[in-house]
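upload_8.cif (mmCIF, C-alpha atoms)
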data_final
loop_
_atom_site.label_atom_id
_atom_site.label_comp_id
_atom_site.auth_asym_id
_atom_site.auth_seq_id
_atom_site.Cartn_x
_atom_site.Cartn_y
_atom_site.Cartn_z
CA MET A 281 -45.59 145.10 -79.76
CA LYS A 282 -46.67 141.81 -78.21
CA ARG A 283 -43.15 140.40 -78.55
CA THR A 284 -41.66 143.55 -77.01
CA GLY A 285 -44.01 143.23 -74.05
CA SER A 286 -43.06 139.56 -73.62
CA ILE A 287 -39.36 140.42 -73.64
CA ALA A 288 -39.92 143.21 -71.11
CA ARG A 289 -41.83 140.86 -68.81
CA GLY A 290 -39.08 138.27 -69.14
CA MET A 291 -36.40 140.80 -68.25
CA ALA A 292 -38.42 142.09 -65.31
CA SER A 293 -38.87 138.53 -64.04
CA ALA A 294 -35.14 137.86 -64.37
CA VAL A 295 -34.28 141.02 -62.44
CA LEU A 296 -36.78 140.08 -59.73
CA VAL A 297 -35.33 136.58 -59.38
CA ILE A 298 -31.75 137.88 -59.20
CA ALA A 299 -32.73 140.49 -56.60
CA TYR A 300 -34.48 137.81 -54.56
CA GLU A 301 -31.45 135.49 -54.66
CA ALA A 302 -29.08 138.30 -53.70
CA GLY A 303 -31.35 139.44 -50.88
CA ALA A 304 -31.68 135.92 -49.48
CA HIS A 305 -27.92 135.38 -49.51
CA HIS A 306 -27.32 138.77 -47.91
CA ALA A 307 -29.81 137.98 -45.15
CA VAL A 308 -28.19 134.62 -44.46
CA GLY A 309 -24.71 136.08 -44.21
CA THR A 310 -25.54 139.20 -42.18
CA PRO A 311 -26.40 139.00 -38.47
CA GLY A 312 -29.50 140.98 -37.57
CA LEU A 313 -31.28 140.48 -40.89
CA GLU A 314 -33.30 137.47 -39.80
CA GLY A 315 -36.49 139.47 -40.32
CA LEU A 316 -35.55 140.09 -43.96
CA GLY A 317 -34.82 136.39 -44.36
CA LEU A 318 -38.25 135.45 -43.02
CA THR A 319 -39.91 138.03 -45.27
CA LEU A 320 -38.20 136.49 -48.29
CA VAL A 321 -39.38 133.04 -47.21
CA LEU A 322 -43.00 134.11 -46.80
CA ALA A 323 -43.41 136.63 -49.61
CA PRO A 324 -43.51 134.19 -52.58
CA ALA A 325 -45.90 131.80 -50.84
CA ALA A 326 -48.11 134.67 -49.68
CA ALA A 327 -48.23 136.23 -53.15
CA LEU A 328 -49.03 132.89 -54.78
CA ALA A 329 -51.74 132.07 -52.23
CA LEU A 330 -53.33 135.49 -52.41
CA GLY A 331 -53.28 135.56 -56.21
CA THR A 332 -54.87 132.11 -56.37
CA VAL A 333 -57.57 133.09 -53.90
CA LEU A 334 -58.39 136.35 -55.68
CA ARG A 335 -58.84 134.51 -58.99
CA SER A 336 -61.03 131.85 -57.39
CA PRO A 337 -64.84 132.12 -57.67
CA ARG A 338 -64.89 131.19 -53.97
CA ARG A 339 -62.58 133.99 -52.95
CA PHE A 340 -64.98 135.43 -50.38
CA MET A 341 -64.95 132.08 -48.59
CA LEU A 342 -61.18 131.66 -48.88
CA LEU A 343 -60.06 135.15 -47.87
CA PRO A 344 -60.89 134.54 -44.16
CA LEU A 345 -58.64 131.46 -44.29
CA VAL A 346 -55.82 133.56 -45.71
CA ALA A 347 -56.35 136.12 -42.95
CA ALA A 348 -56.31 133.36 -40.32
CA ALA A 349 -53.07 131.97 -41.74
CA ALA A 350 -51.53 135.44 -41.67
CA ALA A 351 -52.58 135.80 -38.03
CA VAL A 352 -50.92 132.49 -37.13
CA VAL A 353 -47.71 133.58 -38.83
CA TRP A 354 -47.79 136.89 -36.96
CA VAL A 355 -48.27 135.21 -33.59
CA SER A 356 -45.48 132.72 -34.36
CA ARG A 357 -43.10 135.26 -35.87
CA GLY A 358 -40.56 135.00 -33.04
CA ALA A 359 -39.96 131.29 -33.56
CA LEU A 360 -40.13 131.65 -37.33
CA VAL A 361 -37.48 134.39 -37.34
CA ARG A 362 -35.12 132.25 -35.28
CA HIS A 363 -35.36 129.38 -37.77
CA TYR A 364 -36.02 131.24 -41.03
CA GLU A 365 -33.13 129.44 -42.77
CA TRP A 366 -35.20 126.25 -42.68
CA GLY A 367 -37.84 128.07 -44.70
CA LEU A 368 -35.28 129.06 -47.32
CA PHE A 369 -34.01 125.50 -47.47
CA LEU A 370 -37.46 123.96 -47.81
CA GLU A 371 -38.38 126.48 -50.49
CA HIS A 372 -35.27 125.57 -52.48
CA VAL A 373 -35.64 121.80 -52.28
CA LEU A 374 -39.41 121.80 -52.79
CA PHE A 375 -39.20 124.02 -55.86
CA ASN A 376 -36.44 122.01 -57.52
CA GLY A 377 -38.05 118.78 -56.41
CA ALA A 378 -41.30 119.86 -58.04
CA LEU A 379 -39.47 120.60 -61.30
CA GLY A 380 -37.81 117.19 -61.14
CA TYR A 381 -41.19 115.58 -60.60
CA LEU A 382 -42.64 117.58 -63.51
CA PHE A 383 -40.08 116.01 -65.85
CA GLY A 384 -39.80 112.62 -64.19
CA ARG A 385 -43.48 111.74 -64.08
CA THR A 386 -43.65 111.93 -67.88
CA LEU A 387 -41.08 109.12 -68.16
CA VAL A 388 -43.60 106.60 -66.86
CA ARG A 389 -44.61 103.98 -69.41
CA GLY A 390 -47.55 105.16 -71.46
CA ARG A 391 -46.81 108.88 -71.07
CA GLU A 392 -45.12 111.25 -73.47
CA PRO A 393 -41.79 112.60 -72.12
CA LEU A 394 -42.00 116.33 -71.46
CA CYS A 395 -39.17 117.23 -73.86
CA SER A 396 -40.86 115.13 -76.56
CA ARG A 397 -43.95 117.27 -76.07
CA PHE A 398 -41.88 120.41 -76.58
CA ALA A 399 -40.24 118.93 -79.68
CA ALA A 400 -43.62 118.05 -81.18
CA MET A 401 -44.64 121.71 -80.95
CA VAL A 402 -41.59 122.65 -83.01
CA HIS A 403 -41.31 119.73 -85.46
CA GLY A 404 -44.89 118.48 -85.56
CA ARG A 405 -46.29 115.00 -85.01
CA PRO A 406 -45.45 112.20 -85.26
CA LEU A 407 -41.88 112.66 -84.06
CA ALA A 408 -39.15 110.86 -85.95
CA PRO A 409 -37.82 107.88 -83.93
CA GLU A 410 -34.41 109.48 -83.40
CA ILE A 411 -36.02 112.67 -82.06
CA ALA A 412 -38.33 110.71 -79.77
CA ALA A 413 -35.39 108.71 -78.37
CA TYR A 414 -33.26 111.82 -77.89
CA THR A 415 -35.98 113.84 -76.18
CA ARG A 416 -36.70 110.95 -73.80
CA CYS A 417 -33.02 110.97 -72.81
CA ILE A 418 -33.07 114.73 -72.32
CA THR A 419 -36.18 114.48 -70.15
CA ALA A 420 -34.33 111.91 -68.01
CA ALA A 421 -31.30 114.23 -67.88
CA TRP A 422 -33.38 117.15 -66.59
CA THR A 423 -35.00 114.86 -64.04
CA SER A 424 -31.54 113.82 -62.83
CA PHE A 425 -30.36 117.42 -62.79
CA PHE A 426 -33.10 118.58 -60.45
CA ALA A 427 -32.70 115.47 -58.28
CA GLY A 428 -29.00 116.29 -58.03
CA VAL A 429 -29.74 119.89 -57.04
CA VAL A 430 -32.03 118.67 -54.25
CA ALA A 431 -29.44 116.14 -53.05
CA VAL A 432 -26.58 118.65 -52.99
CA SER A 433 -28.76 121.26 -51.29
CA ALA A 434 -29.75 118.80 -48.55
CA LEU A 435 -26.16 117.63 -48.08
CA LEU A 436 -24.77 121.16 -47.79
CA PHE A 437 -27.56 122.28 -45.46
CA ALA A 438 -26.86 119.31 -43.16
CA THR A 439 -23.07 119.37 -43.18
CA ALA A 440 -21.76 122.80 -44.25
CA SER A 441 -22.19 126.35 -43.03
CA ILE A 442 -25.39 128.19 -43.87
CA GLU A 443 -23.36 130.61 -45.97
CA THR A 444 -21.96 127.75 -48.07
CA TRP A 445 -25.42 126.32 -48.58
CA SER A 446 -26.77 129.75 -49.51
CA THR A 447 -24.01 130.26 -52.08
CA PHE A 448 -25.06 127.07 -53.81
CA ALA A 449 -28.80 127.69 -53.51
CA ASN A 450 -28.85 131.38 -54.39
CA TYR A 451 -25.84 131.90 -56.65
CA LEU A 452 -25.13 128.56 -58.35
CA THR A 453 -28.45 126.82 -58.99
CA LEU A 454 -29.70 129.24 -61.64
CA PRO A 455 -26.37 129.44 -63.56
CA LEU A 456 -26.10 125.63 -63.46
CA ALA A 457 -29.59 125.32 -64.94
CA ALA A 458 -28.66 127.83 -67.65
CA LEU A 459 -25.49 125.86 -68.44
CA MET A 460 -27.55 122.67 -68.60
CA PHE A 461 -29.90 124.29 -71.08
CA ILE A 462 -27.07 125.67 -73.23
CA GLY A 463 -25.17 122.37 -73.07
CA GLU A 464 -28.22 120.41 -74.20
CA HIS A 465 -28.72 122.80 -77.10
CA ALA A 466 -25.09 122.27 -78.14
CA CYS A 467 -25.29 118.47 -77.80
CA ARG A 468 -28.38 118.42 -79.99
CA ARG A 469 -26.25 119.50 -82.97
CA PHE A 470 -24.22 116.30 -82.71
CA ALA A 471 -26.98 113.91 -81.60
CA LEU A 472 -29.42 115.01 -84.33
CA PRO A 473 -27.26 116.33 -87.18
CA ASN A 474 -29.89 115.79 -89.87
CA VAL A 475 -32.80 117.35 -88.00
CA ARG A 476 -33.77 120.97 -88.43
CA ARG A 477 -32.36 122.76 -85.40
CA SER A 478 -34.71 124.94 -83.41
CA GLY A 479 -33.25 127.95 -81.68
CA MET A 480 -33.25 128.28 -77.91
CA ALA A 481 -35.86 131.03 -78.16
CA GLU A 482 -38.11 128.74 -80.22
CA SER A 483 -37.71 125.94 -77.67
CA PHE A 484 -38.50 128.34 -74.87
CA ARG A 485 -41.65 129.55 -76.63
CA ALA A 486 -42.72 125.92 -77.03
CA TYR A 487 -42.46 125.49 -73.28
CA ARG A 488 -44.57 128.58 -72.69
CA ARG A 489 -47.23 127.41 -75.16
CA SER A 490 -47.40 124.02 -73.43
CA THR A 491 -47.95 125.45 -69.98
CA GLY A 492 -49.38 128.92 -70.49
CA ALA A 493 -46.59 130.01 -68.14
CA GLY A 494 -44.19 132.89 -68.14
CA PRO A 495 -40.41 132.60 -67.79
CA VAL A 496 -39.25 129.60 -65.83
CA PRO A 497 -37.73 130.52 -62.49
CA PHE A 498 -35.00 128.42 -60.87
CA ARG A 499 -34.40 128.46 -57.18
#
Would you give me this structure, written as structure tokens?
Amino acid sequence: MKRTGSIARGMASAVLVIAYEAGAHHAVGTPGLEGLGLTLVLAPAAALALGTVLRSPRRFMLLPLVAAAAAVVWVSRGALVRHYEWGLFLEHVLFNGALGYLFGRTLVRGREPLCSRFAAMVHGRPLAPEIAAYTRCITAAWTSFFAGVVAVSALLFATASIETWSTFANYLTLPLAALMFIGEHACRRFALPNVRRSGMAESFRAYRRSTGAGPVPFR
């Protein structure tokens, strides 16, 4: 029952992400839908902020700040609507930049690479030297991937049409991340032929155990 509920939540999250991406691209490419675009920019941040405040023991002190922020947004809505695409851009680069930082900061000397941490949950400690070396390389690869996404997003936003940028941000980033994940899983068979192979589902569960998080979204 617990596993069924987890699968259902994962599917619901995937549908929500896909609907969000499609809505954002539709707003960008359709004149007159600037209000929808701004709503899609603000909704995730508002939901995250409100959820954090409601779980905080100081929520009664923080709720007036949330209300004040909402009032500022309402007063400034005209200017925000005219430049909502900047909000979509910043959301995309900040999210992927944060993921790159999440991986990259664990490559600093003295820290355990993030993928090594995942591997330890599957194979136990201490990790064999070949697994430790491989997972450090994979952590660096994911860091480079997210850095590349941020670089391409910034380049397209600065030089191409907003529709071209939106196609990359909303329709290509998530499939590219999925291909990266699948490709890494395939490469592991050749890089570590004598190591017990963990399935993608097992690797994904290791990530969830390490963070207490749900499915990983990619923007």
For this session: Return as a list in words the set of residues that the PyMOL selection byres ((chain A and resi 410) around 12) yields on the displayed structure.
Result: Ser396, Ala399, Pro406, Leu407, Ala408, Pro409, Ile411, Ala412, Ala413, Tyr414, Thr415, Arg416, Cys417, Arg468, Ala471, Leu472, Pro473, Asn474 and Val475 of chain A
Please write the residues from the selection above to a file, keeping C-alpha atoms, as a PDB file, in the frame of the given file.
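Dumped to again37.pdb:
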ATOM      1  CA  SER A 396     -40.860 115.130 -76.560  1.00  0.00           C
ATOM      2  CA  ALA A 399     -40.240 118.930 -79.680  1.00  0.00           C
ATOM      3  CA  PRO A 406     -45.450 112.200 -85.260  1.00  0.00           C
ATOM      4  CA  LEU A 407     -41.880 112.660 -84.060  1.00  0.00           C
ATOM      5  CA  ALA A 408     -39.150 110.860 -85.950  1.00  0.00           C
ATOM      6  CA  PRO A 409     -37.820 107.880 -83.930  1.00  0.00           C
ATOM      7  CA  ILE A 411     -36.020 112.670 -82.060  1.00  0.00           C
ATOM      8  CA  ALA A 412     -38.330 110.710 -79.770  1.00  0.00           C
ATOM      9  CA  ALA A 413     -35.390 108.710 -78.370  1.00  0.00           C
ATOM     10  CA  TYR A 414     -33.260 111.820 -77.890  1.00  0.00           C
ATOM     11  CA  THR A 415     -35.980 113.840 -76.180  1.00  0.00           C
ATOM     12  CA  ARG A 416     -36.700 110.950 -73.800  1.00  0.00           C
ATOM     13  CA  CYS A 417     -33.020 110.970 -72.810  1.00  0.00           C
ATOM     14  CA  ARG A 468     -28.380 118.420 -79.990  1.00  0.00           C
ATOM     15  CA  ALA A 471     -26.980 113.910 -81.600  1.00  0.00           C
ATOM     16  CA  LEU A 472     -29.420 115.010 -84.330  1.00  0.00           C
ATOM     17  CA  PRO A 473     -27.260 116.330 -87.180  1.00  0.00           C
ATOM     18  CA  ASN A 474     -29.890 115.790 -89.870  1.00  0.00           C
ATOM     19  CA  VAL A 475     -32.800 117.350 -88.000  1.00  0.00           C
TER      20      VAL A 475
END
Exercise. What lies within 8 Å of A:Ser433 using all atoms listed in the file, ignoring chain neighbours under 5 positions off, as a PyMOL selection string?
Worked result: chain A and resi 369+372-373+445+448-449
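Closest approach to A:Glu371 among A:Leu322, A:Leu456, A:Arg335, A:Glu314: A:Leu322, based on all atoms listed in the file.
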Problem set entry | Residues matched by the PyMOL selection byres ((chain A and resi 380) around 12), written as a list in words | Val373, Leu374, Phe375, Asn376, Gly377, Ala378, Leu379, Tyr381, Leu382, Phe383, Gly384, Arg385, Thr386, Leu387, Leu394, Thr419, Ala420, Ala421, Trp422, Thr423, Ser424, Phe425, Phe426, Ala427, Gly428, Val429, Val430, Ala431 and Phe498 of chain A
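If you measure from each of A:Val346, A:Ala299, A:Ala292, A:Leu318 to A:Gly331 using only C-alpha atoms, the closest one turns out to be A:Val346.
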For this session: Can you give me, as an MDAnalysis selection string, the residues this file yields under the PyMOL selection byres ((chain A and resi 458-465) around 9)?
Result: chainID A and resid 418 422 425 453:457 466:469 478:480
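With atom CA of A:Asn450 on one side and atom CA of A:Glu301 on the other, the separation reads 4.9 Å.
For the pair atom CA of A:Leu452 and atom CA of A:Gly315, the interatomic distance is 23.9 Å.
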Using the file's own x, y and z axes, so that the box edges lie along x, y and z, what centre and edge lengths in Å (one decimal) does a box around every listed atom of stretch 394-400 of chain A get when 8 Å is added on each side? Give it as lines of an AutoDock Vina configuration file.
center_x = -41.6
center_y = 117.8
center_z = -76.3
size_x = 20.8
size_y = 21.3
size_z = 25.7
Problem set entry | Distance query A:Ala302 at most 9 Å, only C-alpha atoms, self and fewer than 4 positions along chain excluded, as a PyMOL selection string | chain A and resi 297-298+306-307+450-451
Could you dump the residues just selected with C-alpha atoms as an mmCIF file, in the frame of the given file?
data_model
loop_
_atom_site.group_PDB
_atom_site.id
_atom_site.type_symbol
_atom_site.label_atom_id
_atom_site.label_comp_id
_atom_site.auth_asym_id
_atom_site.auth_seq_id
_atom_site.Cartn_x
_atom_site.Cartn_y
_atom_site.Cartn_z
ATOM 1 C CA VAL A 297 -35.330 136.580 -59.380
ATOM 2 C CA ILE A 298 -31.750 137.880 -59.200
ATOM 3 C CA HIS A 306 -27.320 138.770 -47.910
ATOM 4 C CA ALA A 307 -29.810 137.980 -45.150
ATOM 5 C CA ASN A 450 -28.850 131.380 -54.390
ATOM 6 C CA TYR A 451 -25.840 131.900 -56.650
#
Exercise. Expressed in Å to a single decimal, how great is the separation between atom CA of A:Thr319 and atom CA of A:Val361?
Worked result: 9.1 Å
For this session: Might you pull out every residue within 10 Å of A:Thr444, with all atoms listed in the file counted and same-chain residues fewer than 5 positions away left off, and present them as a ChimeraX atom specification?
Result: /A:305,308-309,433,436-437,439,449
Exercise. Smallest atom-to-atom distance to A:Thr310: which of A:Val333, A:Ala359, A:Ile442, A:Ala327, using only C-alpha atoms?
Worked result: A:Ile442
